[in-house]
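A.B. asks: After the structure tokens below, expect a handful of questions from me.
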Amino acid sequence: MEKYKNLLNKFSSACDWASIREYKEVTDFIMARNAKPDQINTTESHGVMVEVLYAGQVSYAGTSDLTDVGIQKAFDKALNFAIKTKENNLCDFDESIRPANNGEYKTKTKIPFEEVSLAQLQSSLIEITKSLKVTEEIIEASAWAMLTKTTVNYISTNGAHWSQEFSIVSKDFSATASRGNENQTRSFGMNGRQLGLEDFDIGLLLQEAKRVGTQAVELLDGEECPTEKLDLIIAPDQLYLQVHESIGHPLELDRILGDERNYAGWSFIGPQDFGTRQYGSDLLNVTFDPLLESEMASYVFDDNGVKATKEYLIKEGVLLRGIGGIESQTRSKIPGVSCARSCDWNRPPMDRMGNINIEPGDTSFEEMIKGVKKGIIMYTNRSWSIDDYRNKFQFGCEYAKLIEDGKITKTLKNPNYRGVTDSFWMNLDKVGDQSTYEIWGSPYCGKGEPNQVIRVGHAIPTCLFKNIEVFGGA
Amino acid sequence: MENYFQQISAYTLSEKQTDEEVTVTLSGEKTQFVRFNKSKIRQGTDVNQLNLSIAIQNDEKEYSYDFSLSGNLKSDQNKINEIYKTARIRMQDMAKATFFVPFKNNGTSSVSNAGELKDISELTNILCQETVHVDLAGILTSGVSYRGNINSLGQSHWFESESFSIDYSLYSEKEKAVKASYGGSKFDLEAFKAILEESIRNLKHMEKDNKVLVPGKYRCYLAPAAVNEILDTFCWGGTSQGALKQGSSPLLPYKNEGKRLSSKFNLNEDFSLGLISQFNEDGEVFTNKLPIFKNGQLQNLLVSARTAKEYNFKSNAANSEESLRSPVIEPGDLGREDILKQLGTGLYISNLHYLNWSDQKQGRITGMTRFACFWVENGEIVAPIKDLRFDDTIYNFWGENLEQITVFSETALDSHTYSERSLGGNKCPGMIVKDFNFTL
């Protein structure tokens, strides 16, 4: 950081404010297929992003040339662009949008990645694919793990100085069963957590693999999901994506401000909705929680250097806050959260979801089932799509169970549901208790121009929705 | 940049041991991105990045390490030494590759598409000035991209391309929107103005109140940009031989149930578009043109060297995903002036959004209408529509429901910029389809 401090001292007289964010990320990817080793590879991204505030506009230049000359060149490019285009700025910022915070963060881990070799991990993945193959009808079984270490160092001309180190384990496995013309795939559900290798508990994963393989075969005999309006119970491994698409994205303040209109889209939510709009039933409590230990997007500073705090976005169904960092809050005057993040050294920060969670309720899974006359439980996402205002959605799941007269009866294949965000969350009828609450996370949330894919976390209980349109396969 | 790549790859190969074979792949760019909202600059970002991948084979084991090059020779050489050290330790206890494909010499090639790019600040100011009276959101991208591939067996490929693109949408006060793009290797103000004026005219057509349609089956004209979105989704597993063997391909009904596409449907992988390097990550060079569907009949699937080894096929130099990199759907005979007349009554769909397989194994795709989409009655545009969700199979809209294909096509550059600026694109005509299925 001393080197960057010296460079910033040089830069400070030419601009109103500047920072250097160094980002290094190393990911090991390990895979096995059909009881055999597959690929092992490593990806490392390392560079700096120089931010320059000049005449109200923040300009950015990223470089993988970490020499003083390389960073100086990046600074010159960012400054030069800001000077030459200053008449056409959208925003008029000052250095208050980059608070001078100091501190450190490190993921709490029990088993560091270094304690197990990649070859050993691959051997475990091979064992998982063996467990997936419960019968000869499993024609494809695969398993992968991704171990990521990320270090971010940030320093600015107004005294910000912080570092964060993240350790992330992502994994998934799946089995495809085939009989005649019927093919069905069941997976664990892609999940990522901020943990060490304690998250890769091979004993537990082997049990789960057996369940996944068994359910893939079970689907071959499953009945087609019916087409009608029913009670729908959604398990956390599907509901997290529903939250992501129909609560997370529409509440992003940069979308509401129109930055994202040309790519991912706008939002059905407007500035006037905050503080007044009933977003869902009064059982709906949604938080932005960057401090939940082990969730994928936990941190203490966002990439604008703003301290992270837990906040309610929706409380008892009422919309309170947007998912917008300090820049969007300044522009919109809407309360937001510390969520300005960038996916790498080569992209500027923008409003991202972080950890967006539904707070648990008080209904056990058994009580939820008992209360359903006819309904369906759906598990694990396999398809997703939503419109550019985040209203009309359609989701497909891998596996479902029929509920009749308060009891789980048959297995259903090709389960799908569709709806409109606005009415869907009003139909929330039961929120599962702590025993149904699971922490999920995805490494692949895409957004922005230029495009960025980033990690997000969602901690979710099982929930029951009334009167949802469900349907089956082609 | 080619010189630096030669230098750094020569060093990498000089450090290999006699029992190792090594492939060095470069992917790099010097790009300026400018993001716009309300015809003003939201964020300007300059990116200078070089990523090198070193793939090592030894004793039928393979391991690769990708990393960011600094561009400083001494520092990059030190990093390469570190990577060799890590790789050799890791490879010691690795298992032999299951379907080992040894590197080979796939020849040499060098393509350089030079452009005449304007200074990014100047271009940005022009764009703001020309759009001062409209509400524009979008992105300007300009710069040079590099791809290189050299291996220890003598293979050597280089691809370099300079270009810019302006991908934008315009908005009315009623939140109606139209989308357009303009790009190339040299900015022409008059050409840009013409496209912008057309966008402004189209936006005026959107000012009428939306017609709200109930879900159901509608006759549709899918403009080239909408067909492009469907083709993009189809490329996600649709042309992969591996996916077909592993039970996840949308062509399973074609293979197992005799479902067919229309005899009007012709799809090729066609590198004559010149948008992307013809060599894949292993340096294998794809043929200039490969038919995928001819008159609705499947001719070829994409086969990577790895799939070829696993399932005993012949590789056709596909990439590891076995996805199309330069697809072209052949045009038909429907003239531009006859589109509305032939459509008669139905939907004119300019763009589609957020497509995904809703049931990949059955070839079913869902997505939304977006931007300028209209209700047409008796060959006349009546009103813009409120957005609709479609959910239909390729065997319907590219099969028995495909009625006519336009005589003209449009080339769409791949505008994705995840990690780095993408190369490639596709070329699609428009299509008239009956009974296109809308569900929401």
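Chain lettering (A, B, ...) mirrors the order of the structure tokens, residue numbering begins at 1 for each chain separately, and ligand numbering begins at 1 in order of display.
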So that I can see what lies close to Ala175 (chain A), please list as a ChimeraX atom specification the residues with an atom at most 10 Å from it, counting only C-alpha atoms and leaving out residues fewer than 6 positions away in the same chain.
C.D. replies: /A:33-34,129,131-134,137-143,184-188,209-210,212-217 /B:246
A.B. asks: Please produce a file of those selected residues containing N, CA and C atoms, as an mmCIF file, in the first residue's frame.
C.D. replies:
data_model
loop_
_atom_site.group_PDB
_atom_site.id
_atom_site.type_symbol
_atom_site.label_atom_id
_atom_site.label_comp_id
_atom_site.auth_asym_id
_atom_site.auth_seq_id
_atom_site.Cartn_x
_atom_site.Cartn_y
_atom_site.Cartn_z
ATOM 1 N N ARG A 33 -16.069 -36.375 -13.823
ATOM 2 C CA ARG A 33 -17.255 -36.843 -14.569
ATOM 3 C C ARG A 33 -17.243 -38.354 -14.624
ATOM 4 N N ASN A 34 -18.392 -38.929 -14.334
ATOM 5 C CA ASN A 34 -18.590 -40.363 -14.548
ATOM 6 C C ASN A 34 -17.475 -41.212 -13.933
ATOM 7 N N THR A 129 -19.346 -38.484 -7.925
ATOM 8 C CA THR A 129 -19.971 -38.952 -9.187
ATOM 9 C C THR A 129 -20.319 -40.441 -9.098
ATOM 10 N N SER A 131 -21.313 -41.896 -6.313
ATOM 11 C CA SER A 131 -22.548 -41.939 -5.518
ATOM 12 C C SER A 131 -23.762 -41.497 -6.327
ATOM 13 N N LEU A 132 -23.550 -40.584 -7.272
ATOM 14 C CA LEU A 132 -24.658 -40.118 -8.114
ATOM 15 C C LEU A 132 -25.217 -41.242 -8.985
ATOM 16 N N LYS A 133 -24.338 -42.155 -9.378
ATOM 17 C CA LYS A 133 -24.759 -43.211 -10.312
ATOM 18 C C LYS A 133 -25.419 -44.347 -9.525
ATOM 19 N N VAL A 134 -26.662 -44.115 -9.151
ATOM 20 C CA VAL A 134 -27.357 -45.097 -8.311
ATOM 21 C C VAL A 134 -27.832 -46.300 -9.108
ATOM 22 N N GLU A 137 -29.270 -46.413 -15.213
ATOM 23 C CA GLU A 137 -30.045 -45.400 -15.939
ATOM 24 C C GLU A 137 -29.435 -43.997 -15.812
ATOM 25 N N ILE A 138 -28.487 -43.825 -14.917
ATOM 26 C CA ILE A 138 -27.752 -42.547 -14.855
ATOM 27 C C ILE A 138 -26.721 -42.562 -15.979
ATOM 28 N N ILE A 139 -26.952 -41.722 -16.998
ATOM 29 C CA ILE A 139 -26.037 -41.737 -18.156
ATOM 30 C C ILE A 139 -24.950 -40.676 -18.042
ATOM 31 N N GLU A 140 -25.116 -39.739 -17.131
ATOM 32 C CA GLU A 140 -24.108 -38.691 -16.973
ATOM 33 C C GLU A 140 -24.109 -38.222 -15.522
ATOM 34 N N ALA A 141 -22.926 -38.234 -14.911
ATOM 35 C CA ALA A 141 -22.799 -37.758 -13.531
ATOM 36 C C ALA A 141 -21.568 -36.870 -13.456
ATOM 37 N N SER A 142 -21.765 -35.656 -12.992
ATOM 38 C CA SER A 142 -20.614 -34.753 -12.922
ATOM 39 C C SER A 142 -20.624 -33.987 -11.605
ATOM 40 N N ALA A 143 -19.445 -33.548 -11.193
ATOM 41 C CA ALA A 143 -19.300 -32.778 -9.949
ATOM 42 C C ALA A 143 -18.142 -31.801 -10.115
ATOM 43 N N GLN A 184 -34.014 -36.929 -17.625
ATOM 44 C CA GLN A 184 -34.256 -36.025 -16.508
ATOM 45 C C GLN A 184 -32.950 -35.759 -15.771
ATOM 46 N N THR A 185 -32.749 -34.489 -15.423
ATOM 47 C CA THR A 185 -31.531 -34.110 -14.698
ATOM 48 C C THR A 185 -31.900 -33.576 -13.319
ATOM 49 N N ARG A 186 -31.173 -34.008 -12.331
ATOM 50 C CA ARG A 186 -31.350 -33.516 -10.961
ATOM 51 C C ARG A 186 -29.982 -33.081 -10.460
ATOM 52 N N SER A 187 -29.946 -31.960 -9.735
ATOM 53 C CA SER A 187 -28.646 -31.485 -9.240
ATOM 54 C C SER A 187 -28.734 -31.117 -7.762
ATOM 55 N N PHE A 188 -27.578 -30.890 -7.167
ATOM 56 C CA PHE A 188 -27.500 -30.422 -5.788
ATOM 57 C C PHE A 188 -28.006 -28.973 -5.732
ATOM 58 N N ALA A 209 -25.318 -36.719 -2.756
ATOM 59 C CA ALA A 209 -25.163 -37.213 -4.133
ATOM 60 C C ALA A 209 -26.068 -38.429 -4.365
ATOM 61 N N LYS A 210 -26.152 -39.260 -3.371
ATOM 62 C CA LYS A 210 -27.019 -40.438 -3.502
ATOM 63 C C LYS A 210 -28.484 -40.012 -3.640
ATOM 64 N N VAL A 212 -29.552 -37.134 -4.809
ATOM 65 C CA VAL A 212 -29.722 -36.483 -6.119
ATOM 66 C C VAL A 212 -29.854 -37.538 -7.229
ATOM 67 N N GLY A 213 -28.978 -38.553 -7.200
ATOM 68 C CA GLY A 213 -29.038 -39.618 -8.210
ATOM 69 C C GLY A 213 -30.360 -40.371 -8.144
ATOM 70 N N THR A 214 -30.785 -40.666 -6.918
ATOM 71 C CA THR A 214 -32.053 -41.405 -6.727
ATOM 72 C C THR A 214 -33.230 -40.594 -7.261
ATOM 73 N N GLN A 215 -33.219 -39.289 -6.982
ATOM 74 C CA GLN A 215 -34.330 -38.442 -7.440
ATOM 75 C C GLN A 215 -34.333 -38.277 -8.961
ATOM 76 N N ALA A 216 -33.138 -38.292 -9.585
ATOM 77 C CA ALA A 216 -33.083 -38.213 -11.059
ATOM 78 C C ALA A 216 -33.806 -39.418 -11.661
ATOM 79 N N VAL A 217 -33.539 -40.591 -11.114
ATOM 80 C CA VAL A 217 -34.192 -41.821 -11.609
ATOM 81 C C VAL A 217 -35.693 -41.781 -11.296
ATOM 82 N N GLN B 246 -24.851 -36.595 -23.758
ATOM 83 C CA GLN B 246 -25.037 -36.545 -22.298
ATOM 84 C C GLN B 246 -26.483 -36.279 -21.885
#
A.B. asks: Would you give me, as a tab-separated table, each residue of chain A having an atom within 7 Å of an atom of chain B, along with its shortest atom pair and that distance in Å to one decimal, using only C-alpha atoms and sorting by chain and residue number?
C.D. replies:
residue	atom	partner	partner_atom	distance
A:Lys36	CA	B:Thr98	CA	6.5
A:Pro37	CA	B:Thr98	CA	6.2
A:Asp38	CA	B:Ala97	CA	6.7
A:Ile40	CA	B:Tyr63	CA	5.9
A:Asn41	CA	B:Ser64	CA	4.9
A:Thr42	CA	B:Tyr65	CA	4.7
A:Thr43	CA	B:Asp66	CA	4.6
A:Glu44	CA	B:Phe67	CA	4.5
A:Ser45	CA	B:Ser68	CA	5.4
A:His46	CA	B:Ser68	CA	5.8
A:Ser59	CA	B:Gly44	CA	5.3
A:Tyr60	CA	B:Thr45	CA	4.5
A:Ala61	CA	B:Asp46	CA	4.4
A:Gly62	CA	B:Val47	CA	4.8
A:Thr63	CA	B:Asn48	CA	4.9
A:Ser64	CA	B:Ser70	CA	5.0
A:Asp65	CA	B:Ser70	CA	4.0
A:Leu66	CA	B:Ser70	CA	6.3
A:Ala78	CA	B:Asp46	CA	7.0
A:Phe81	CA	B:Ser121	CA	5.8
A:Lys84	CA	B:Ser121	CA	6.1
A:Thr85	CA	B:Ser121	CA	6.0
A:Asn88	CA	B:Lys40	CA	5.4
A:Asn89	CA	B:Ile41	CA	5.0
A:Leu90	CA	B:Lys40	CA	4.9
A:Ala119	CA	B:Met94	CA	5.1
A:Ile139	CA	B:Gln246	CA	6.7
A:Glu140	CA	B:Gln246	CA	5.8
A:Thr176	CA	B:Gly247	CA	6.8
A:Asn181	CA	B:Asn256	CA	6.2
A:Asn183	CA	B:Gly247	CA	6.2
A:Gly258	CA	B:Asn37	CA	6.6
A:Asp259	CA	B:Asn37	CA	5.4
A:Arg261	CA	B:Ala137	CA	6.4
A:Asn262	CA	B:Gly138	CA	5.2
A:Asn346	CA	B:Val47	CA	6.1
A:Ser383	CA	B:Ser358	CA	5.4
A:Trp384	CA	B:Asn356	CA	6.6
A:Ser385	CA	B:Tyr354	CA	5.8
A:Ile386	CA	B:Tyr354	CA	6.6
A:Asp387	CA	B:Met368	CA	5.8
A:Gly396	CA	B:Ser358	CA	6.4
A:Glu449	CA	B:Ile139	CA	6.4
A:Pro450	CA	B:Thr417	CA	5.5
A:Asn451	CA	B:Tyr418	CA	4.8
A:Gln452	CA	B:Tyr418	CA	5.6
A:Val453	CA	B:Tyr418	CA	6.8
A:Gly473	CA	B:Asp359	CA	6.8
A:Ala474	CA	B:Gln362	CA	6.4
A.B. asks: Grab the residues selected above and save them as an mmCIF file, in the first residue's frame with C-alpha atoms.
C.D. replies:
data_model
loop_
_atom_site.group_PDB
_atom_site.id
_atom_site.type_symbol
_atom_site.label_atom_id
_atom_site.label_comp_id
_atom_site.auth_asym_id
_atom_site.auth_seq_id
_atom_site.Cartn_x
_atom_site.Cartn_y
_atom_site.Cartn_z
ATOM 1 C CA LYS A 36 -13.203 -40.252 -13.715
ATOM 2 C CA PRO A 37 -11.047 -37.144 -13.335
ATOM 3 C CA ASP A 38 -11.912 -34.197 -15.545
ATOM 4 C CA ILE A 40 -8.210 -28.939 -13.142
ATOM 5 C CA ASN A 41 -7.226 -25.382 -13.872
ATOM 6 C CA THR A 42 -6.357 -22.133 -12.148
ATOM 7 C CA THR A 43 -7.304 -18.582 -13.071
ATOM 8 C CA GLU A 44 -5.659 -15.524 -11.572
ATOM 9 C CA SER A 45 -6.746 -11.955 -12.181
ATOM 10 C CA HIS A 46 -4.578 -9.180 -10.793
ATOM 11 C CA SER A 59 -13.466 8.468 -14.358
ATOM 12 C CA TYR A 60 -11.849 5.058 -14.244
ATOM 13 C CA ALA A 61 -8.813 3.339 -15.750
ATOM 14 C CA GLY A 62 -7.848 -0.248 -15.004
ATOM 15 C CA THR A 63 -4.538 -1.844 -15.805
ATOM 16 C CA SER A 64 -2.768 -5.136 -15.245
ATOM 17 C CA ASP A 65 0.552 -3.267 -15.537
ATOM 18 C CA LEU A 66 1.330 -2.808 -11.832
ATOM 19 C CA ALA A 78 -8.731 8.594 -16.562
ATOM 20 C CA PHE A 81 -10.981 11.656 -20.318
ATOM 21 C CA LYS A 84 -11.960 16.533 -22.145
ATOM 22 C CA THR A 85 -15.539 15.459 -21.518
ATOM 23 C CA ASN A 88 -21.113 16.149 -20.610
ATOM 24 C CA ASN A 89 -21.172 14.730 -17.086
ATOM 25 C CA LEU A 90 -24.374 13.153 -15.857
ATOM 26 C CA ALA A 119 -5.776 -33.835 -6.692
ATOM 27 C CA ILE A 139 -26.037 -41.737 -18.156
ATOM 28 C CA GLU A 140 -24.108 -38.691 -16.973
ATOM 29 C CA THR A 176 -28.909 -37.207 -15.764
ATOM 30 C CA ASN A 181 -37.026 -40.932 -24.857
ATOM 31 C CA ASN A 183 -34.231 -37.709 -19.920
ATOM 32 C CA GLY A 258 -32.182 4.466 -15.686
ATOM 33 C CA ASP A 259 -28.477 3.556 -15.923
ATOM 34 C CA ARG A 261 -32.128 0.645 -19.301
ATOM 35 C CA ASN A 262 -30.179 -0.344 -22.398
ATOM 36 C CA ASN A 346 -11.106 -3.878 -14.623
ATOM 37 C CA SER A 383 -34.809 -22.263 -15.875
ATOM 38 C CA TRP A 384 -35.415 -18.556 -15.266
ATOM 39 C CA SER A 385 -36.594 -15.534 -17.230
ATOM 40 C CA ILE A 386 -38.132 -12.175 -16.313
ATOM 41 C CA ASP A 387 -39.010 -9.011 -18.200
ATOM 42 C CA GLY A 396 -38.702 -23.983 -14.111
ATOM 43 C CA GLU A 449 -22.388 -1.968 -19.252
ATOM 44 C CA PRO A 450 -19.582 -3.003 -19.558
ATOM 45 C CA ASN A 451 -20.917 -6.310 -18.261
ATOM 46 C CA GLN A 452 -20.025 -7.573 -14.811
ATOM 47 C CA VAL A 453 -20.742 -10.923 -13.220
ATOM 48 C CA GLY A 473 -43.384 -29.754 -19.883
ATOM 49 C CA ALA A 474 -43.643 -29.309 -23.656
#
A.B. asks: Near Pro99 (chain A), within 9 Å and counting only C-alpha atoms, which residues show up once chain neighbours fewer than 5 positions away are dropped, as a ChimeraX atom specification?
C.D. replies: /A:158-160,304-307
A.B. asks: Using only C-alpha atoms for the distances, tell me which of B:Lys174, B:Arg219, B:Arg325, B:Lys211 is nearest to Gln404 (chain B).
C.D. replies: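 Answer, going by the shortest atom-to-atom distance: B:Arg219.
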A.B. asks: Which residues in region 68-256 of chain A does DSSP call alpha helix (DSSP H)? List them as a ChimeraX atom specification.
C.D. replies: /A:68-84,118-132,202-220,236-243,253-256
A.B. asks: Can you measure CA of Ile56 (chain B) to CA of Glu20 (chain B) for me? One decimal in Å is fine.
C.D. replies: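 CA of Glu20 (chain B) lies 6.6 Å from CA of Ile56 (chain B).
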A.B. asks: What's around region 439-445 of chain A at 6 Å? Count only C-alpha atoms, leave out sequence neighbours fewer than 5 positions away in its own chain, and write the answer as a ChimeraX atom specification.
C.D. replies: /A:191-192,296,453-459
A.B. asks: Within 12 Å of Tyr146 (chain B), counting only C-alpha atoms, which residues show up once you throw out same-chain ones fewer than 6 positions away? Write them as number ranges by chain, please.
C.D. replies: B: 1-5, 25-31, 48-52, 110-114, 157-163, 276-277, 420-423
A.B. asks: Residues of the last selection are to be written out with N, CA and C atoms, as a tab-separated table (two decimals), in the first residue's frame.
C.D. replies:
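What landed in again_32.tsv:
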chain	number	residue	atom	x	y	z
B	1	MET	N	1.72	-5.38	-30.03
B	1	MET	CA	1.36	-6.42	-29.05
B	1	MET	C	1.80	-7.81	-29.50
B	2	GLU	N	1.72	-8.04	-30.84
B	2	GLU	CA	2.11	-9.36	-31.34
B	2	GLU	C	3.56	-9.65	-30.98
B	3	ASN	N	4.40	-8.62	-31.04
B	3	ASN	CA	5.82	-8.81	-30.70
B	3	ASN	C	5.98	-9.24	-29.24
B	4	TYR	N	5.20	-8.58	-28.35
B	4	TYR	CA	5.33	-8.92	-26.94
B	4	TYR	C	4.84	-10.35	-26.70
B	5	PHE	N	3.79	-10.71	-27.39
B	5	PHE	CA	3.29	-12.08	-27.25
B	5	PHE	C	4.34	-13.09	-27.73
B	25	THR	N	-1.64	-19.19	-24.64
B	25	THR	CA	-2.75	-18.49	-25.29
B	25	THR	C	-2.89	-17.10	-24.70
B	26	LEU	N	-3.00	-16.12	-25.56
B	26	LEU	CA	-3.17	-14.74	-25.09
B	26	LEU	C	-4.56	-14.22	-25.46
B	27	SER	N	-5.14	-13.51	-24.52
B	27	SER	CA	-6.38	-12.79	-24.80
B	27	SER	C	-6.21	-11.41	-24.18
B	28	GLY	N	-6.31	-10.38	-24.98
B	28	GLY	CA	-6.04	-9.05	-24.43
B	28	GLY	C	-6.83	-7.96	-25.12
B	29	GLU	N	-6.81	-6.80	-24.51
B	29	GLU	CA	-7.52	-5.67	-25.12
B	29	GLU	C	-7.02	-4.35	-24.55
B	30	LYS	N	-7.15	-3.33	-25.36
B	30	LYS	CA	-7.04	-1.94	-24.88
B	30	LYS	C	-8.35	-1.30	-25.30
B	31	THR	N	-9.23	-1.16	-24.33
B	31	THR	CA	-10.60	-0.75	-24.66
B	31	THR	C	-11.03	0.43	-23.81
B	48	ASN	N	-6.91	-1.72	-19.82
B	48	ASN	CA	-5.72	-2.24	-20.50
B	48	ASN	C	-5.43	-3.59	-19.86
B	49	GLN	N	-5.75	-4.66	-20.55
B	49	GLN	CA	-5.52	-5.97	-19.93
B	49	GLN	C	-4.99	-7.00	-20.91
B	50	LEU	N	-4.12	-7.85	-20.36
B	50	LEU	CA	-3.55	-8.96	-21.12
B	50	LEU	C	-3.65	-10.20	-20.24
B	51	ASN	N	-4.29	-11.23	-20.74
B	51	ASN	CA	-4.39	-12.47	-19.97
B	51	ASN	C	-3.70	-13.58	-20.73
B	52	LEU	N	-2.81	-14.25	-20.02
B	52	LEU	CA	-2.06	-15.34	-20.65
B	52	LEU	C	-2.48	-16.65	-20.00
B	110	SER	N	-2.31	-15.59	-39.29
B	110	SER	CA	-2.20	-14.24	-38.73
B	110	SER	C	-3.21	-13.33	-39.43
B	111	VAL	N	-4.09	-12.76	-38.64
B	111	VAL	CA	-5.10	-11.86	-39.19
B	111	VAL	C	-5.06	-10.56	-38.40
B	112	SER	N	-5.00	-9.47	-39.11
B	112	SER	CA	-5.00	-8.17	-38.42
B	112	SER	C	-6.00	-7.25	-39.11
B	113	ASN	N	-7.06	-6.90	-38.40
B	113	ASN	CA	-8.08	-6.02	-38.96
B	113	ASN	C	-7.90	-4.63	-38.34
B	114	ALA	N	-7.13	-3.82	-39.03
B	114	ALA	CA	-6.85	-2.48	-38.49
B	114	ALA	C	-8.04	-1.56	-38.71
B	157	HIS	N	-0.71	-18.81	-33.98
B	157	HIS	CA	-1.84	-18.06	-34.54
B	157	HIS	C	-1.91	-16.68	-33.89
B	158	TRP	N	-2.35	-15.72	-34.68
B	158	TRP	CA	-2.53	-14.36	-34.17
B	158	TRP	C	-3.78	-13.75	-34.80
B	159	PHE	N	-4.57	-13.07	-33.97
B	159	PHE	CA	-5.76	-12.36	-34.46
B	159	PHE	C	-5.82	-11.03	-33.72
B	160	GLU	N	-6.03	-9.97	-34.49
B	160	GLU	CA	-6.05	-8.63	-33.90
B	160	GLU	C	-7.14	-7.82	-34.61
B	161	SER	N	-7.95	-7.13	-33.86
B	161	SER	CA	-9.05	-6.42	-34.49
B	161	SER	C	-9.35	-5.11	-33.77
B	162	GLU	N	-9.40	-4.03	-34.54
B	162	GLU	CA	-9.73	-2.71	-33.97
B	162	GLU	C	-11.14	-2.35	-34.39
B	163	SER	N	-11.95	-1.98	-33.44
B	163	SER	CA	-13.32	-1.60	-33.81
B	163	SER	C	-13.97	-0.78	-32.70
B	276	ILE	N	-14.34	-13.06	-35.88
B	276	ILE	CA	-13.68	-13.78	-34.78
B	276	ILE	C	-12.62	-14.70	-35.38
B	277	SER	N	-11.64	-15.01	-34.54
B	277	SER	CA	-10.56	-15.88	-35.02
B	277	SER	C	-11.11	-17.27	-35.33
B	420	GLU	N	-14.06	-9.42	-20.59
B	420	GLU	CA	-13.40	-8.70	-21.66
B	420	GLU	C	-14.39	-8.54	-22.80
B	421	ARG	N	-14.00	-7.72	-23.77
B	421	ARG	CA	-14.87	-7.50	-24.93
B	421	ARG	C	-14.95	-8.79	-25.74
B	422	SER	N	-16.16	-9.25	-26.02
B	422	SER	CA	-16.31	-10.47	-26.82
B	422	SER	C	-16.05	-10.18	-28.28
B	423	LEU	N	-15.64	-11.22	-28.98
B	423	LEU	CA	-15.52	-11.13	-30.43
B	423	LEU	C	-16.63	-11.97	-31.04
A.B. asks: Compile the contact shell of Pro360 (chain A) as a PyMOL selection string: residues with an atom at most 7 Å away, counting only C-alpha atoms, same-chain residues fewer than 3 positions apart removed.
C.D. replies: chain A and resi 431-434+437+461
A.B. asks: Would you list, as a ChimeraX atom specification, the residues of region 225-404 of chain B that end up in strand (DSSP E) under DSSP run on this structure's backbone?
C.D. replies: /B:267-270,289-294,297-298,327-329,346-359,364-377,380-384,389-393,402-404
A.B. asks: Grab the residues selected above and save them as a compact mmCIF listing (two decimals), in the first residue's frame with C-alpha atoms.
C.D. replies:
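Printed below is part11.txt as written:
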# COMPACT_ATOMS: atom_id res chain seq x y z
CA LEU B 267 -28.03 -22.70 -40.54
CA ASN B 268 -24.26 -22.60 -41.05
CA GLU B 269 -21.15 -21.90 -39.02
CA ASP B 270 -19.65 -19.35 -41.40
CA LYS B 289 -18.11 -22.86 -43.60
CA LEU B 290 -19.87 -25.85 -42.08
CA PRO B 291 -23.59 -26.54 -42.64
CA ILE B 292 -25.45 -27.32 -39.39
CA PHE B 293 -29.01 -27.55 -40.80
CA LYS B 294 -29.74 -27.77 -44.53
CA GLN B 297 -32.15 -31.60 -41.90
CA LEU B 298 -29.32 -31.81 -39.38
CA PRO B 327 -23.49 -18.56 -37.08
CA VAL B 328 -25.44 -17.51 -40.15
CA ILE B 329 -29.08 -18.35 -40.89
CA GLY B 346 -50.41 -10.19 -35.93
CA LEU B 347 -47.35 -9.01 -34.06
CA TYR B 348 -44.29 -7.20 -35.41
CA ILE B 349 -41.52 -8.09 -32.93
CA SER B 350 -38.35 -6.02 -33.15
CA ASN B 351 -36.52 -7.43 -30.14
CA LEU B 352 -36.73 -10.18 -27.58
CA HIS B 353 -35.27 -10.13 -24.07
CA TYR B 354 -33.98 -12.50 -21.37
CA LEU B 355 -34.35 -15.72 -23.28
CA ASN B 356 -33.66 -19.05 -21.63
CA TRP B 357 -34.40 -22.68 -22.24
CA SER B 358 -37.61 -23.40 -20.35
CA ASP B 359 -37.23 -27.09 -21.19
CA ARG B 364 -38.52 -25.09 -25.58
CA ILE B 365 -37.46 -21.46 -25.11
CA THR B 366 -39.08 -18.67 -23.12
CA GLY B 367 -38.46 -14.93 -23.21
CA MET B 368 -40.06 -11.49 -23.39
CA THR B 369 -40.87 -9.04 -26.13
CA ARG B 370 -38.94 -5.78 -25.71
CA PHE B 371 -38.52 -2.37 -27.32
CA ALA B 372 -40.46 -1.59 -30.51
CA CYS B 373 -43.09 -4.30 -30.88
CA PHE B 374 -46.39 -3.55 -32.62
CA TRP B 375 -49.84 -4.90 -33.26
CA VAL B 376 -50.51 -5.08 -37.01
CA GLU B 377 -53.94 -5.37 -38.65
CA GLU B 380 -50.93 -1.79 -41.17
CA ILE B 381 -49.21 -0.99 -37.87
CA VAL B 382 -51.96 -0.18 -35.36
CA ALA B 383 -50.27 0.34 -31.98
CA PRO B 384 -47.33 -0.69 -29.80
CA ARG B 389 -43.91 -13.59 -22.58
CA PHE B 390 -43.47 -16.31 -25.19
CA ASP B 391 -42.81 -19.99 -24.49
CA ASP B 392 -42.46 -22.21 -27.54
CA THR B 393 -40.28 -24.91 -29.07
CA LEU B 402 -42.09 -21.12 -40.04
CA GLU B 403 -43.75 -19.53 -43.07
CA GLN B 404 -41.35 -17.08 -44.66
